[in-house]
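Here's the structure we're looking at; comments come further down.
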Amino acid sequence: MSRDLPHVLHLYSGVTEDGEVRRVRDLVNALGTGLRHSIVFAEDGAMLGYKDFARGIDVDLSPEFPSLEGRPLPGRLTRIARTMQPYDLVLSYNYGAIDAAMAHTLFKDAFGLPPLIHFEDDLGTESAARPSRGRSWYRRIALGKTAGLVVPTEELEELALVEWQQPLGRVKHIPFGIDTRLFAMRAKPDALRLIKHPGEKWIGAVTPLGEAANLPMLVRAFAGIEDENWHLVILGEGPARGAIEREVDRLEINDHVHLPGPGRDPDRAFDLFDVFAMAGDEAPYPFAMAKAMAAGLPIAAPATKTIGGMVDEGNAHLLSAPGNEARLTELFRRLATDKPLREELGEANRARAVGRLEQDKIAATFRRLFTSAMKREF
């Protein structure tokens, strides 16, 4: 019976992060049983460990497909195009899968290919402020016949329109969906390897420990809080761990800064935080911050266009300029001493997350987009 359902091909390439795997799983689950899916990851078995697809959804995790890596030579692009023919819709994700979009643009009419929708949410070594000229040029051509280009932020939307020269009707600004009900659940004090004791207040950060996160600055800003009940908890792992620990040692705040690693289930940790913090330009889409909003937390972070546009307006007025350590310190102090303000901002951020980021609403948006592309209901 499922053979009669529209068949969607998902194409990923490059290093596959755990969060990326979870996002495609969540999207597949949210769309329900009206589709069947084949998912290609460049890393063999990247998704094979995930068995928690919703009951009744037809998912093939190891379909045959040519490698998405290599030079964009005609023979290779032809093989990619022909392999897309049996499907009803193709979804390609980020620059690692851009050759699939190029093959689609070159051979769509000749091979009668299904519609293709491309997603961009991870610029890798690029940034919205300094995009790669070569990659921008390639995207301009490769995306020429796509049925849509999905981006989750205003910054990426502007990049798509200006640098990649995509027509306004093709670019779709759709944020990542979140199951906001999950983040309304209460967490146990021992949900992490670290126990939250009565009376403690936590500023939390959830991020890979890389240079872009600017976590030593986050540590210095936290050190400006004079209340001994406050602790800084940074969930994640990465090459900057040593630099963070050296800054903690220098400031002699080892008892108040904790790096317990990534955690077994970091999503359950958000309820333990009293404030969510960021100090750097961590990713094109601050996914962890969106979860913190769903958990009802005030946000202390740089005032980028993306972050300022996501949080509630009242919280947006309190953000710090990127790299402004003194302003971040001031914000930490204010939030640490003003519980009513923390509660007000947290409630407003949760309401904004429920209104704009709720997974069911985002799934309905994708359902309309996919139905329009395929010209077929599901």
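To be explicit about the labels: the chains of the structure tokens are called A, B, and onward in the order shown, and within each one the residues are counted from 1, while ligands get numbers from 1 in the order they are shown.
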
I'd like the contact shell of range 228-230 of chain A - 8 Å cut-off, only C-alpha atoms, skipping same-chain residues fewer than 3 positions apart - returned as a compact mmCIF listing (two decimals) with N, CA and C atoms, in the first residue's frame.
# COMPACT_ATOMS: atom_id res chain seq x y z
N GLY A 199 18.65 26.36 45.78
CA GLY A 199 19.19 27.71 45.92
C GLY A 199 20.12 28.11 44.80
N GLU A 200 20.64 27.13 44.04
CA GLU A 200 21.54 27.48 42.94
C GLU A 200 20.78 28.05 41.75
N LYS A 201 21.43 28.96 41.03
CA LYS A 201 20.92 29.49 39.78
C LYS A 201 21.95 29.23 38.70
N TRP A 202 21.47 28.80 37.53
CA TRP A 202 22.38 28.41 36.46
C TRP A 202 22.20 29.29 35.23
N ILE A 203 23.32 29.81 34.73
CA ILE A 203 23.38 30.34 33.37
C ILE A 203 23.88 29.20 32.50
N ILE A 225 29.37 38.46 37.97
CA ILE A 225 28.23 38.27 38.87
C ILE A 225 28.76 38.09 40.29
N HIS A 256 32.42 27.45 40.26
CA HIS A 256 31.18 28.02 39.74
C HIS A 256 31.03 27.88 38.23
N ALA A 336 20.74 38.43 36.90
CA ALA A 336 20.99 37.69 38.14
C ALA A 336 20.28 38.32 39.33

Closest atom pairs, range 209-299 of chain A residues within 9 Å of range 313-320 of chain A, only C-alpha atoms, as a tab-separated table:
residue	atom	partner	partner_atom	distance
A:Ala279	CA	A:Ser320	CA	9.0
A:Pro298	CA	A:Asn315	CA	7.0
A:Ile299	CA	A:Asn315	CA	6.8

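One finds CA of Pro208 in chain A at 8.7 Å from CA of Pro239 in chain A.
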
Using DSSP on the backbone coordinates, identify the residues of range 241-350 of chain A assigned to helix (DSSP H, G or I); present them as a PyMOL selection string.
chain A and resi 241-251+266-272+287-294+305-310+313-316+325-337+339-350

Which residues are near Gly134 in chain A? Cut-off 12 Å, only C-alpha atoms, ignore same chain within fewer than 4 positions. Put them as a PyMOL selection string. chain A and resi 95+126+130+138-141+163-164

To test your reading of the structure, identify every residue in range 138-247 of chain A that backbone DSSP assigns to strand (DSSP E or B), and report it as a PDB file with N, CA, C and O atoms, in the first residue's frame.
ATOM      1  N   GLY A 148      12.064  25.452  -4.834  1.00  0.00           N
ATOM      2  CA  GLY A 148      12.129  26.273  -3.632  1.00  0.00           C
ATOM      3  C   GLY A 148      13.509  26.217  -3.014  1.00  0.00           C
ATOM      4  O   GLY A 148      14.239  25.231  -3.168  1.00  0.00           O
ATOM      5  N   LEU A 149      13.886  27.293  -2.341  1.00  0.00           N
ATOM      6  CA  LEU A 149      15.122  27.349  -1.566  1.00  0.00           C
ATOM      7  C   LEU A 149      14.720  27.724  -0.147  1.00  0.00           C
ATOM      8  O   LEU A 149      14.259  28.844   0.101  1.00  0.00           O
ATOM      9  N   VAL A 150      14.871  26.795   0.787  1.00  0.00           N
ATOM     10  CA  VAL A 150      14.415  26.989   2.156  1.00  0.00           C
ATOM     11  C   VAL A 150      15.571  27.453   3.025  1.00  0.00           C
ATOM     12  O   VAL A 150      16.632  26.811   3.057  1.00  0.00           O
ATOM     13  N   VAL A 151      15.389  28.562   3.729  1.00  0.00           N
ATOM     14  CA  VAL A 151      16.389  29.089   4.664  1.00  0.00           C
ATOM     15  C   VAL A 151      15.686  29.403   5.986  1.00  0.00           C
ATOM     16  O   VAL A 151      14.528  29.820   5.994  1.00  0.00           O
ATOM     17  N   VAL A 171      12.602  31.795  -2.756  1.00  0.00           N
ATOM     18  CA  VAL A 171      13.202  31.731  -1.421  1.00  0.00           C
ATOM     19  C   VAL A 171      12.103  31.652  -0.359  1.00  0.00           C
ATOM     20  O   VAL A 171      11.194  32.491  -0.311  1.00  0.00           O
ATOM     21  N   LYS A 172      12.189  30.624   0.486  1.00  0.00           N
ATOM     22  CA  LYS A 172      11.187  30.381   1.521  1.00  0.00           C
ATOM     23  C   LYS A 172      11.858  30.470   2.893  1.00  0.00           C
ATOM     24  O   LYS A 172      12.734  29.667   3.215  1.00  0.00           O
ATOM     25  N   HIS A 173      11.463  31.465   3.669  1.00  0.00           N
ATOM     26  CA  HIS A 173      12.008  31.627   5.026  1.00  0.00           C
ATOM     27  C   HIS A 173      11.166  30.804   5.990  1.00  0.00           C
ATOM     28  O   HIS A 173      10.070  31.197   6.365  1.00  0.00           O
ATOM     29  N   ILE A 178      10.167  23.038  16.461  1.00  0.00           N
ATOM     30  CA  ILE A 178      10.523  22.498  17.767  1.00  0.00           C
ATOM     31  C   ILE A 178       9.263  21.948  18.427  1.00  0.00           C
ATOM     32  O   ILE A 178       8.193  22.563  18.352  1.00  0.00           O
ATOM     33  N   LYS A 201      21.428  28.956  41.031  1.00  0.00           N
ATOM     34  CA  LYS A 201      20.917  29.495  39.785  1.00  0.00           C
ATOM     35  C   LYS A 201      21.952  29.229  38.700  1.00  0.00           C
ATOM     36  O   LYS A 201      23.148  29.408  38.930  1.00  0.00           O
ATOM     37  N   TRP A 202      21.466  28.798  37.528  1.00  0.00           N
ATOM     38  CA  TRP A 202      22.381  28.410  36.460  1.00  0.00           C
ATOM     39  C   TRP A 202      22.205  29.293  35.227  1.00  0.00           C
ATOM     40  O   TRP A 202      21.085  29.474  34.731  1.00  0.00           O
ATOM     41  N   ILE A 203      23.318  29.809  34.735  1.00  0.00           N
ATOM     42  CA  ILE A 203      23.384  30.335  33.373  1.00  0.00           C
ATOM     43  C   ILE A 203      23.879  29.197  32.503  1.00  0.00           C
ATOM     44  O   ILE A 203      24.929  28.611  32.787  1.00  0.00           O
ATOM     45  N   GLY A 204      23.137  28.848  31.474  1.00  0.00           N
ATOM     46  CA  GLY A 204      23.474  27.695  30.652  1.00  0.00           C
ATOM     47  C   GLY A 204      23.840  28.058  29.236  1.00  0.00           C
ATOM     48  O   GLY A 204      23.316  29.030  28.675  1.00  0.00           O
ATOM     49  N   ALA A 205      24.755  27.301  28.674  1.00  0.00           N
ATOM     50  CA  ALA A 205      25.104  27.398  27.259  1.00  0.00           C
ATOM     51  C   ALA A 205      25.184  25.984  26.714  1.00  0.00           C
ATOM     52  O   ALA A 205      25.714  25.087  27.384  1.00  0.00           O
ATOM     53  N   VAL A 206      24.653  25.773  25.520  1.00  0.00           N
ATOM     54  CA  VAL A 206      24.692  24.462  24.860  1.00  0.00           C
ATOM     55  C   VAL A 206      25.277  24.681  23.481  1.00  0.00           C
ATOM     56  O   VAL A 206      24.625  25.238  22.592  1.00  0.00           O
ATOM     57  N   TRP A 230      25.129  31.763  41.859  1.00  0.00           N
ATOM     58  CA  TRP A 230      25.067  31.594  40.404  1.00  0.00           C
ATOM     59  C   TRP A 230      26.218  30.736  39.898  1.00  0.00           C
ATOM     60  O   TRP A 230      27.358  30.849  40.365  1.00  0.00           O
ATOM     61  N   HIS A 231      25.886  29.865  38.928  1.00  0.00           N
ATOM     62  CA  HIS A 231      26.861  28.974  38.303  1.00  0.00           C
ATOM     63  C   HIS A 231      26.712  29.077  36.784  1.00  0.00           C
ATOM     64  O   HIS A 231      25.618  29.336  36.268  1.00  0.00           O
ATOM     65  N   LEU A 232      27.803  28.843  36.080  1.00  0.00           N
ATOM     66  CA  LEU A 232      27.808  28.787  34.616  1.00  0.00           C
ATOM     67  C   LEU A 232      28.009  27.338  34.198  1.00  0.00           C
ATOM     68  O   LEU A 232      28.999  26.707  34.583  1.00  0.00           O
ATOM     69  N   VAL A 233      27.077  26.816  33.416  1.00  0.00           N
ATOM     70  CA  VAL A 233      27.125  25.420  32.965  1.00  0.00           C
ATOM     71  C   VAL A 233      27.179  25.420  31.443  1.00  0.00           C
ATOM     72  O   VAL A 233      26.264  25.919  30.778  1.00  0.00           O
ATOM     73  N   ILE A 234      28.260  24.873  30.892  1.00  0.00           N
ATOM     74  CA  ILE A 234      28.453  24.861  29.436  1.00  0.00           C
ATOM     75  C   ILE A 234      28.418  23.411  28.963  1.00  0.00           C
ATOM     76  O   ILE A 234      29.319  22.620  29.285  1.00  0.00           O
ATOM     77  N   LEU A 235      27.374  23.051  28.214  1.00  0.00           N
ATOM     78  CA  LEU A 235      27.237  21.698  27.681  1.00  0.00           C
ATOM     79  C   LEU A 235      27.817  21.645  26.278  1.00  0.00           C
ATOM     80  O   LEU A 235      27.419  22.420  25.401  1.00  0.00           O
TER      81      LEU A 235
END

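Each of A:Asp249, A:Leu159, A:Phe41, A:Pro284 was checked against Arg133 in chain A using only C-alpha atoms; the smallest atom-to-atom distance is that of A:Leu159.
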
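Of the listed residues (A:Pro66, A:Pro302, A:Gly224, A:Gly236), A:Gly224 comes nearest to Phe332 in chain A; the distances count only C-alpha atoms.
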
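For the choices A:Leu369, A:Ile253, A:Met84, A:Leu218, the atom-to-atom distance to Leu331 in chain A is smallest for A:Leu218 when using only C-alpha atoms.
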
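Residue nearest Val311 in chain A within the list A:Phe270, A:Phe183, A:Phe53, A:Phe276: A:Phe276 [criterion: smallest interatomic distance, only C-alpha atoms].
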
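Between CA of Ile174 in chain A and CA of Ile39 in chain A the interatomic distance comes to 21.0 Å.
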
Restricting to only C-alpha atoms, whichever of A:Ala100, A:Ala187, A:Leu116, A:Ala288 is closest to Arg76 in chain A is A:Ala100

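The shortest atom-to-atom distance to Arg82 in chain A, with only C-alpha atoms taken into account, belongs to A:Glu64 out of A:Glu245, A:Asp281, A:Glu64, A:Glu226.
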